[in-house]
Amino acid sequence: MSGNGKPKFAMYWAASCGGCEISVLNIHEKILEVDANFELAFWPVAMDSKIKDVKALPDQSILLTLFNGAIRNNENEEMAHLLRKKSQILVAFGSCACEGGIPGLGNLGTTKSILDTSYHTISTENPENIYPQPTYQAPEGTLHIPKLYPVVKTLDQVVDVDYFMPGCPPEPHQISAVIDLVIQVLQGKAELPPKGAFIGVGKSTVCDECTRTRGEKRVKEFVRIQDLEKIDPDLCLLEQGIPCNGPATRSGCDARCPSVGAQCIGCYGPADGVLDFGTKLMSAFASVLNSRDPEEIDRILDGIPDPAGQFYRFNLAKSLLRSSKYAWKGEEE
Amino acid sequence: MTEADKKQFEPVIIGFTCNWCSYRAADGAGLARAKYPPNIRLIRLMCSGRVDPQFILKALAEGADGVLVTGCHPGDCHYLEQNYKTMRRFNLMKRTLRQMGIEDERVKLVWASAAEGMILANEISSFVNEIRGLGPLNWPKWDKPLPIELETEPETLEES
C-alpha cells in the first residue's frame with residue numbers, strides 16, 4: 001500500500017508496439033476511475049517513472065501489473081523478473097505477452113536476418129554498414145544495449161503469470177470489464193478468478209460472436225479480399241474462400257473484423273483447451289476444402305502461400321514447435 | 001557426424017496407423033514374420049482422419065526424429081471419405097513444416113491396405129533408414145539454453 005492508501009498499479013511494455021497502452025487509454029473517462037482507485041507506480045508510456053524506483057520498492061508492493069510485449073531481448077526478461085518480484089498480480093496483457101504476438105514471427109528466421117532487413121536492404125541508406133552492437137567503446141566509457149535473444153519467448157515462458165488477457169490489442173470494453181472486476185475485488189464484493197485464467201474473454205470462438213450466415217463449406221479456392229468483385233455481406237467469409245481464422249480463435253472481441261468484411265486473423269489466440277493454434281486451423285481449413293484430387297488440392301493450397309503466417313500469425317512463440325530451426329539454430333535457410 | 005556416431009544413432013519414429021487397414025497390415029507383417037525395425041512406435045487410431053496435425057508436431061517437438069502416418073488407400077476408407085481429409089491436412093501441414101525448417105523427408109504419409117503387410121514392413125524399413133541418414137532432429141527442450149545461446153553471455157542492465 002502506498003502513502004495515500006491506494007494500491008499500486010503498473011504497466012510495462014517489453015517487445016511491443018504500444019497498442020496495448022493505447023487500448024487502455026481507449027477506456028476514455030474510465031481512466032479516471034483507475035486513477036481514483038490506484039496509485040500509478042510505474043507506467044513508462046504515461047509517466048516519468050524510473051526502473052531504480054521500482055527496484056527500491058518492497059517485494060509484492062505493486063498490487064496489479066499489466067505486462068504487455070513479448071520477451072525479445074535480455075532487458076525484456078530482466079524487467080519481467082523484476083516486475084514479477086514486485087507485483088502481487090501479474091497479468092500477461094495482450095497477444096505478445098500471452099503468446100508472442102507479431103514479434104513471435106521473428107522466430108521464422110535468424111536474428112541476423114532481422115538486422116539485415118532493418119539495416120541493410122536496397123531501400124536503406126547505410127553506406128558505412130552500421131549495425132547495432134551490444135557493446136560500444138565510447139571515449140567516456142563502455143556502453144551496453146540489450147542483446148536480441150535468438151528465439152522470442154512469451155511472458156509465461158520466463159516468469160510465473162497469474163492471468164492472461166489476450167487480444168491485439170485487448171478490446172477496451174473488455175479492459176473496462178476487468179477494471180470493474182478488480183475494483184469490486186478491492187471493495188470485497190467479488191472474488192478473483194482462479195490463477196492462470198484467461199480474463200476479458202468470451203466463452204467460445206469468434207464464429208459464435210459472428211453474425212454471418214453459415215451454411216456448408218465447400219471451398220474450391222482461397223482468395224484475398226481484394227480479389228473478390230464483391231464480398232457477400234451476410235455469408236460466412238470462409239465459405240467465400242476468404243481464409244478466416246474465426247473457427248479456432250477465442251471470442252471476446254465481438255467479431256469486429258468479420259462484421260466489416262475483414263477475415264479474422266486470430267489475434268485473441270486459441271480457444272480454451274487448444275494446445276496448438278495453428279494445427280487446429282490447418283485441420284479446419286483442410287476439412288472444408290472441396291477436392292479429392294492431390295493435384296487440385298495442391299493448387300487450392302497454393303492460395304495460402306504463407307501457411308505459417310496465416311495460421312501462427314500471433315501464436316508462433318507459444319505453439320508446440322515455438323520456433324523454426326533457423327531461429328534456434330542460428331542458421332540461414 | 002562421424003561414422004561411429006551414425007552407427008549409434010537410432011531414430012525414434014512415431015507411426016500413426018488406422019485400425020482397419022494399416023494397423024492390420026502391421027499385424028499381417030507380424031504374422032508373416034516379416035521383420036521391420038523396432039525404431040517405429042505404432043499408435044493405433046480408428047482412422048487416419050483422426051490424425052490431428054497437432055499429434056505430429058507434438059511428436060517432433062518432444063523427441064521424435066520422424067513421423068509416419070498410414071491409412072487406407074483413397075476410396076477405401078472404412079469411414080468412406082476421411083482419408084481424403086488426412087491427405088489435405090497432411091499437405092497443408094507439410095507446407096508449414098517446411099517454413100519451420102523441418103526436412104520434408106521426416107514426415108511421411110503412406111497408404112497401406114490390410115493385405116499389404118510386406119509392403120508396409122518395407123516402407124517402414126526404408127523410412128527408418130532415411131531418417132537414420134538425416135540424423136537426429138534434436139528439437140530443443142526449452143528449459144535448457146540453446147546451443148547458440150551458450151556461445152555468448154548477454155549483458156545485464158546497468159545500475160542507474
# chains A, B, ... in the order shown; residues from 1 in each chain; ligands from 1
>>> closest_atom_pairs(of="chain B", to="chain A", cutoff="7 Å", atoms="only C-alpha atoms", output="tab-separated table")
residue	atom	partner	partner_atom	distance
B:Asp52	CA	A:Ser283	CA	6.8
B:Pro53	CA	A:Thr279	CA	5.4
B:Gln54	CA	A:Thr279	CA	5.4
B:Leu57	CA	A:Leu320	CA	6.4
B:Lys58	CA	A:Leu320	CA	6.1
B:Ala61	CA	A:Leu321	CA	5.5
B:Tyr84	CA	A:Arg292	CA	5.9
B:Lys85	CA	A:Ser287	CA	5.6
B:Arg88	CA	A:Ala286	CA	5.3
B:Arg89	CA	A:Ala286	CA	5.1
B:Leu92	CA	A:Met282	CA	6.5
B:Met93	CA	A:Met282	CA	6.9
B:Arg95	CA	A:Pro307	CA	6.9
B:Thr96	CA	A:Ala308	CA	5.4
B:Gln99	CA	A:Ala308	CA	6.8
B:Met100	CA	A:Ser324	CA	4.0
B:Gly101	CA	A:Lys325	CA	5.0
B:Leu146	CA	A:Trp328	CA	6.8
B:Ile148	CA	A:Lys329	CA	6.3
B:Pro154	CA	A:Lys147	CA	6.2
B:Glu155	CA	A:Pro146	CA	6.8
B:Leu157	CA	A:Glu75	CA	6.6
B:Ser160	CA	A:Lys52	CA	6.6
>>> write_last_selection(atoms="N, CA, C and O atoms", output="PDB file, in the first residue's frame")
ATOM      1  N   ASP B  52      -4.629 -35.602 -36.050  1.00  0.00           N
ATOM      2  CA  ASP B  52      -4.604 -34.148 -35.972  1.00  0.00           C
ATOM      3  C   ASP B  52      -3.155 -33.731 -36.221  1.00  0.00           C
ATOM      4  O   ASP B  52      -2.251 -34.318 -35.630  1.00  0.00           O
ATOM      5  N   PRO B  53      -2.920 -32.749 -37.071  1.00  0.00           N
ATOM      6  CA  PRO B  53      -1.531 -32.294 -37.249  1.00  0.00           C
ATOM      7  C   PRO B  53      -0.861 -31.968 -35.904  1.00  0.00           C
ATOM      8  O   PRO B  53       0.354 -32.026 -35.789  1.00  0.00           O
ATOM      9  N   GLN B  54      -1.679 -31.679 -34.896  1.00  0.00           N
ATOM     10  CA  GLN B  54      -1.153 -31.411 -33.565  1.00  0.00           C
ATOM     11  C   GLN B  54      -0.344 -32.597 -33.042  1.00  0.00           C
ATOM     12  O   GLN B  54       0.674 -32.414 -32.377  1.00  0.00           O
ATOM     13  N   LEU B  57       3.118 -32.606 -34.731  1.00  0.00           N
ATOM     14  CA  LEU B  57       4.006 -31.559 -34.226  1.00  0.00           C
ATOM     15  C   LEU B  57       4.442 -31.851 -32.800  1.00  0.00           C
ATOM     16  O   LEU B  57       5.586 -31.603 -32.422  1.00  0.00           O
ATOM     17  N   LYS B  58       3.543 -32.406 -32.008  1.00  0.00           N
ATOM     18  CA  LYS B  58       3.894 -32.754 -30.630  1.00  0.00           C
ATOM     19  C   LYS B  58       4.962 -33.838 -30.625  1.00  0.00           C
ATOM     20  O   LYS B  58       5.919 -33.785 -29.854  1.00  0.00           O
ATOM     21  N   ALA B  61       8.187 -32.169 -31.571  1.00  0.00           N
ATOM     22  CA  ALA B  61       8.663 -31.236 -30.547  1.00  0.00           C
ATOM     23  C   ALA B  61       9.222 -31.979 -29.340  1.00  0.00           C
ATOM     24  O   ALA B  61      10.052 -31.459 -28.617  1.00  0.00           O
ATOM     25  N   TYR B  84      -9.323 -38.693 -47.287  1.00  0.00           N
ATOM     26  CA  TYR B  84      -9.095 -37.517 -48.133  1.00  0.00           C
ATOM     27  C   TYR B  84      -8.758 -36.312 -47.263  1.00  0.00           C
ATOM     28  O   TYR B  84      -7.926 -35.483 -47.595  1.00  0.00           O
ATOM     29  N   LYS B  85      -9.455 -36.249 -46.098  1.00  0.00           N
ATOM     30  CA  LYS B  85      -9.152 -35.159 -45.172  1.00  0.00           C
ATOM     31  C   LYS B  85      -7.718 -35.305 -44.660  1.00  0.00           C
ATOM     32  O   LYS B  85      -7.008 -34.307 -44.501  1.00  0.00           O
ATOM     33  N   ARG B  88      -5.398 -33.903 -47.229  1.00  0.00           N
ATOM     34  CA  ARG B  88      -5.398 -32.438 -47.312  1.00  0.00           C
ATOM     35  C   ARG B  88      -4.701 -31.830 -46.103  1.00  0.00           C
ATOM     36  O   ARG B  88      -3.899 -30.908 -46.224  1.00  0.00           O
ATOM     37  N   ARG B  89      -5.008 -32.366 -44.911  1.00  0.00           N
ATOM     38  CA  ARG B  89      -4.366 -31.850 -43.699  1.00  0.00           C
ATOM     39  C   ARG B  89      -2.861 -32.043 -43.781  1.00  0.00           C
ATOM     40  O   ARG B  89      -2.079 -31.181 -43.388  1.00  0.00           O
ATOM     41  N   LEU B  92      -1.176 -29.505 -46.099  1.00  0.00           N
ATOM     42  CA  LEU B  92      -1.085 -28.172 -45.507  1.00  0.00           C
ATOM     43  C   LEU B  92      -0.047 -28.140 -44.393  1.00  0.00           C
ATOM     44  O   LEU B  92       0.743 -27.205 -44.264  1.00  0.00           O
ATOM     45  N   MET B  93       0.000 -29.222 -43.612  1.00  0.00           N
ATOM     46  CA  MET B  93       0.964 -29.278 -42.522  1.00  0.00           C
ATOM     47  C   MET B  93       2.391 -29.358 -43.058  1.00  0.00           C
ATOM     48  O   MET B  93       3.291 -28.719 -42.530  1.00  0.00           O
ATOM     49  N   ARG B  95       3.562 -28.064 -45.768  1.00  0.00           N
ATOM     50  CA  ARG B  95       3.981 -26.732 -46.213  1.00  0.00           C
ATOM     51  C   ARG B  95       4.458 -25.890 -45.025  1.00  0.00           C
ATOM     52  O   ARG B  95       5.410 -25.139 -45.123  1.00  0.00           O
ATOM     53  N   THR B  96       3.732 -26.022 -43.892  1.00  0.00           N
ATOM     54  CA  THR B  96       4.116 -25.257 -42.707  1.00  0.00           C
ATOM     55  C   THR B  96       5.431 -25.772 -42.136  1.00  0.00           C
ATOM     56  O   THR B  96       6.296 -24.987 -41.739  1.00  0.00           O
ATOM     57  N   GLN B  99       8.443 -24.329 -43.668  1.00  0.00           N
ATOM     58  CA  GLN B  99       8.796 -22.992 -43.192  1.00  0.00           C
ATOM     59  C   GLN B  99       9.464 -23.047 -41.829  1.00  0.00           C
ATOM     60  O   GLN B  99      10.207 -22.138 -41.463  1.00  0.00           O
ATOM     61  N   MET B 100       9.188 -24.129 -41.073  1.00  0.00           N
ATOM     62  CA  MET B 100       9.773 -24.244 -39.748  1.00  0.00           C
ATOM     63  C   MET B 100      11.139 -24.901 -39.797  1.00  0.00           C
ATOM     64  O   MET B 100      11.764 -25.125 -38.766  1.00  0.00           O
ATOM     65  N   GLY B 101      11.602 -25.245 -40.992  1.00  0.00           N
ATOM     66  CA  GLY B 101      12.951 -25.783 -41.123  1.00  0.00           C
ATOM     67  C   GLY B 101      13.047 -27.288 -40.921  1.00  0.00           C
ATOM     68  O   GLY B 101      14.136 -27.826 -40.790  1.00  0.00           O
ATOM     69  N   LEU B 146      19.784 -22.772 -25.449  1.00  0.00           N
ATOM     70  CA  LEU B 146      20.024 -23.230 -26.812  1.00  0.00           C
ATOM     71  C   LEU B 146      21.522 -23.257 -27.071  1.00  0.00           C
ATOM     72  O   LEU B 146      22.259 -22.466 -26.502  1.00  0.00           O
ATOM     73  N   ILE B 148      23.126 -22.063 -29.458  1.00  0.00           N
ATOM     74  CA  ILE B 148      23.593 -20.781 -29.956  1.00  0.00           C
ATOM     75  C   ILE B 148      23.702 -19.779 -28.802  1.00  0.00           C
ATOM     76  O   ILE B 148      24.522 -18.866 -28.842  1.00  0.00           O
ATOM     77  N   PRO B 154      24.629 -12.783 -22.420  1.00  0.00           N
ATOM     78  CA  PRO B 154      24.019 -11.460 -22.574  1.00  0.00           C
ATOM     79  C   PRO B 154      24.475 -10.518 -21.460  1.00  0.00           C
ATOM     80  O   PRO B 154      24.832 -10.970 -20.379  1.00  0.00           O
ATOM     81  N   GLU B 155      24.464  -9.226 -21.729  1.00  0.00           N
ATOM     82  CA  GLU B 155      24.818  -8.245 -20.706  1.00  0.00           C
ATOM     83  C   GLU B 155      23.648  -8.090 -19.743  1.00  0.00           C
ATOM     84  O   GLU B 155      22.521  -8.398 -20.076  1.00  0.00           O
ATOM     85  N   LEU B 157      21.378  -5.390 -17.091  1.00  0.00           N
ATOM     86  CA  LEU B 157      21.021  -3.980 -17.038  1.00  0.00           C
ATOM     87  C   LEU B 157      22.032  -3.208 -16.199  1.00  0.00           C
ATOM     88  O   LEU B 157      22.462  -3.681 -15.163  1.00  0.00           O
ATOM     89  N   SER B 160      21.421   2.134 -12.482  1.00  0.00           N
ATOM     90  CA  SER B 160      21.275   3.557 -12.796  1.00  0.00           C
ATOM     91  C   SER B 160      21.504   4.416 -11.565  1.00  0.00           C
ATOM     92  O   SER B 160      21.507   3.903 -10.447  1.00  0.00           O
TER      93      SER B 160
END
>>> select_by_dssp(residues="segment 2-72 of chain B", states="strand (DSSP E)", output="list of chain:residue names")
B:Ile13, B:Ile14, B:Gly15, B:Phe16, B:Thr17, B:Cys18, B:Ile40, B:Arg41, B:Leu42, B:Ile43, B:Arg44, B:Leu45, B:Gly66, B:Val67, B:Leu68, B:Val69, B:Thr70, B:Gly71
>>> atom_distance(atom1="atom CA of Arg50 of chain B", atom2="atom CA of Ser113 of chain B")
17.2 Å
>>> residues_around(residues="segment 257-269 of chain A", least_positions_apart="2", cutoff="8 Å", atoms="only C-alpha atoms", output="VMD selection string")
chain A and resid 95 99 101 166 to 170 210 to 212 225 231 233 237 242 to 246 248 to 253 255 271 277 310 313 to 315
>>> select_by_dssp(residues="segment 267-328 of chain A", states="helix (DSSP H, G or I)", output="NGL selection string")
:A and (277-288 or 294-301 or 307-311 or 316-318 or 325-328)
>>> atom_distance(atom1="atom CA of Thr110 of chain A", atom2="atom CA of Asn76 of chain A")
18.7 Å
>>> atom_distance(atom1="atom CA of Leu83 of chain A", atom2="atom CA of Asp59 of chain A")
9.2 Å
>>> residues_around(residues="Leu109 of chain B", least_positions_apart="6", cutoff="9 Å", atoms="only C-alpha atoms", output="list in words")
Val67, Leu68, Val69, Thr70, Gly71, Thr86, Met87 and Phe90 of chain B
>>> write_last_selection(atoms="N, CA and C atoms", output="PDB file, in the first residue's frame")
ATOM      1  N   VAL B  67       8.010 -38.984 -38.330  1.00  0.00           N
ATOM      2  CA  VAL B  67       6.636 -39.428 -38.085  1.00  0.00           C
ATOM      3  C   VAL B  67       6.095 -40.050 -39.361  1.00  0.00           C
ATOM      4  N   LEU B  68       5.494 -41.229 -39.217  1.00  0.00           N
ATOM      5  CA  LEU B  68       4.885 -41.905 -40.364  1.00  0.00           C
ATOM      6  C   LEU B  68       3.386 -42.001 -40.118  1.00  0.00           C
ATOM      7  N   VAL B  69       2.610 -41.504 -41.068  1.00  0.00           N
ATOM      8  CA  VAL B  69       1.153 -41.602 -40.963  1.00  0.00           C
ATOM      9  C   VAL B  69       0.688 -42.586 -42.019  1.00  0.00           C
ATOM     10  N   THR B  70      -0.098 -43.571 -41.598  1.00  0.00           N
ATOM     11  CA  THR B  70      -0.549 -44.562 -42.575  1.00  0.00           C
ATOM     12  C   THR B  70      -2.060 -44.676 -42.513  1.00  0.00           C
ATOM     13  N   GLY B  71      -2.648 -45.023 -43.637  1.00  0.00           N
ATOM     14  CA  GLY B  71      -4.095 -45.153 -43.682  1.00  0.00           C
ATOM     15  C   GLY B  71      -4.535 -45.988 -44.868  1.00  0.00           C
ATOM     16  N   THR B  86      -7.318 -36.549 -44.408  1.00  0.00           N
ATOM     17  CA  THR B  86      -5.943 -36.789 -43.970  1.00  0.00           C
ATOM     18  C   THR B  86      -4.974 -36.225 -44.997  1.00  0.00           C
ATOM     19  N   MET B  87      -5.260 -36.537 -46.264  1.00  0.00           N
ATOM     20  CA  MET B  87      -4.402 -36.109 -47.362  1.00  0.00           C
ATOM     21  C   MET B  87      -4.285 -34.587 -47.389  1.00  0.00           C
ATOM     22  N   PHE B  90      -2.480 -33.211 -44.266  1.00  0.00           N
ATOM     23  CA  PHE B  90      -1.060 -33.537 -44.342  1.00  0.00           C
ATOM     24  C   PHE B  90      -0.346 -32.583 -45.275  1.00  0.00           C
TER      25      PHE B  90
END
>>> residues_around(residues="segment 186-196 of chain A", least_positions_apart="3", cutoff="7 Å", atoms="only C-alpha atoms", output="PyMOL selection string")
chain A and resi 161-164+182-183
>>> residues_around(residues="segment 124-137 of chain B", least_positions_apart="6", cutoff="7 Å", atoms="only C-alpha atoms", output="ChimeraX atom specification")
/B:9-11,36-37,65-66,106
>>> write_last_selection(atoms="N, CA and C atoms", output="mmCIF file, in the first residue's frame")
data_model
loop_
_atom_site.group_PDB
_atom_site.id
_atom_site.type_symbol
_atom_site.label_atom_id
_atom_site.label_comp_id
_atom_site.auth_asym_id
_atom_site.auth_seq_id
_atom_site.Cartn_x
_atom_site.Cartn_y
_atom_site.Cartn_z
ATOM 1 N N PHE B 9 23.275 -43.858 -33.743
ATOM 2 C CA PHE B 9 22.038 -43.097 -33.733
ATOM 3 C C PHE B 9 20.877 -43.997 -34.137
ATOM 4 N N GLU B 10 19.984 -44.220 -33.218
ATOM 5 C CA GLU B 10 18.790 -44.982 -33.521
ATOM 6 C C GLU B 10 17.612 -44.020 -33.513
ATOM 7 N N PRO B 11 17.052 -43.751 -34.685
ATOM 8 C CA PRO B 11 15.972 -42.761 -34.710
ATOM 9 C C PRO B 11 14.745 -43.221 -33.923
ATOM 10 N N TYR B 36 10.608 -55.729 -39.442
ATOM 11 C CA TYR B 36 10.876 -54.305 -39.675
ATOM 12 C C TYR B 36 11.436 -53.717 -38.400
ATOM 13 N N PRO B 37 12.202 -52.601 -38.533
ATOM 14 C CA PRO B 37 12.974 -52.104 -37.382
ATOM 15 C C PRO B 37 12.077 -51.694 -36.216
ATOM 16 N N ASP B 65 12.240 -38.251 -34.233
ATOM 17 C CA ASP B 65 13.049 -37.814 -35.373
ATOM 18 C C ASP B 65 12.277 -37.902 -36.672
ATOM 19 N N GLY B 66 11.177 -38.650 -36.651
ATOM 20 C CA GLY B 66 10.366 -38.785 -37.853
ATOM 21 C C GLY B 66 8.979 -39.272 -37.476
ATOM 22 N N ARG B 106 11.136 -36.048 -43.163
ATOM 23 C CA ARG B 106 10.927 -36.534 -41.799
ATOM 24 C C ARG B 106 9.499 -36.936 -41.520
#
>>> residues_around(residues="Ala41 of chain A", least_positions_apart="6", cutoff="7 Å", atoms="only C-alpha atoms", output="PyMOL selection string")
chain A and resi 8-10
>>> write_last_selection(atoms="all heavy atoms", output="mmCIF file, in the first residue's frame")
data_model
loop_
_atom_site.group_PDB
_atom_site.id
_atom_site.type_symbol
_atom_site.label_atom_id
_atom_site.label_comp_id
_atom_site.auth_asym_id
_atom_site.auth_seq_id
_atom_site.Cartn_x
_atom_site.Cartn_y
_atom_site.Cartn_z
ATOM 1 N N LYS A 8 -1.053 -0.009 -5.567
ATOM 2 C CA LYS A 8 -0.222 0.399 -6.694
ATOM 3 C C LYS A 8 -0.597 -0.353 -7.963
ATOM 4 O O LYS A 8 -0.944 -1.534 -7.938
ATOM 5 C CB LYS A 8 1.255 0.150 -6.366
ATOM 6 C CG LYS A 8 1.853 1.138 -5.407
ATOM 7 C CD LYS A 8 3.371 0.909 -5.317
ATOM 8 C CE LYS A 8 4.092 1.985 -4.549
ATOM 9 N NZ LYS A 8 3.566 2.273 -3.235
ATOM 10 N N PHE A 9 -0.471 0.364 -9.088
ATOM 11 C CA PHE A 9 -0.745 -0.199 -10.405
ATOM 12 C C PHE A 9 0.463 0.078 -11.286
ATOM 13 O O PHE A 9 1.073 1.145 -11.200
ATOM 14 C CB PHE A 9 -2.005 0.475 -10.982
ATOM 15 C CG PHE A 9 -2.241 0.203 -12.449
ATOM 16 C CD1 PHE A 9 -2.975 -0.899 -12.844
ATOM 17 C CD2 PHE A 9 -1.737 1.051 -13.431
ATOM 18 C CE1 PHE A 9 -3.199 -1.150 -14.199
ATOM 19 C CE2 PHE A 9 -1.957 0.810 -14.776
ATOM 20 C CZ PHE A 9 -2.684 -0.288 -15.166
ATOM 21 N N ALA A 10 0.831 -0.896 -12.101
ATOM 22 C CA ALA A 10 1.943 -0.690 -13.019
ATOM 23 C C ALA A 10 1.596 -1.269 -14.376
ATOM 24 O O ALA A 10 0.804 -2.210 -14.491
ATOM 25 C CB ALA A 10 3.216 -1.362 -12.476
#
>>> closest_residue(among="B:Val110, B:Gln8, B:Ala64, B:Lys35", to="Pro140 of chain B", atoms="only C-alpha atoms")
B:Ala64
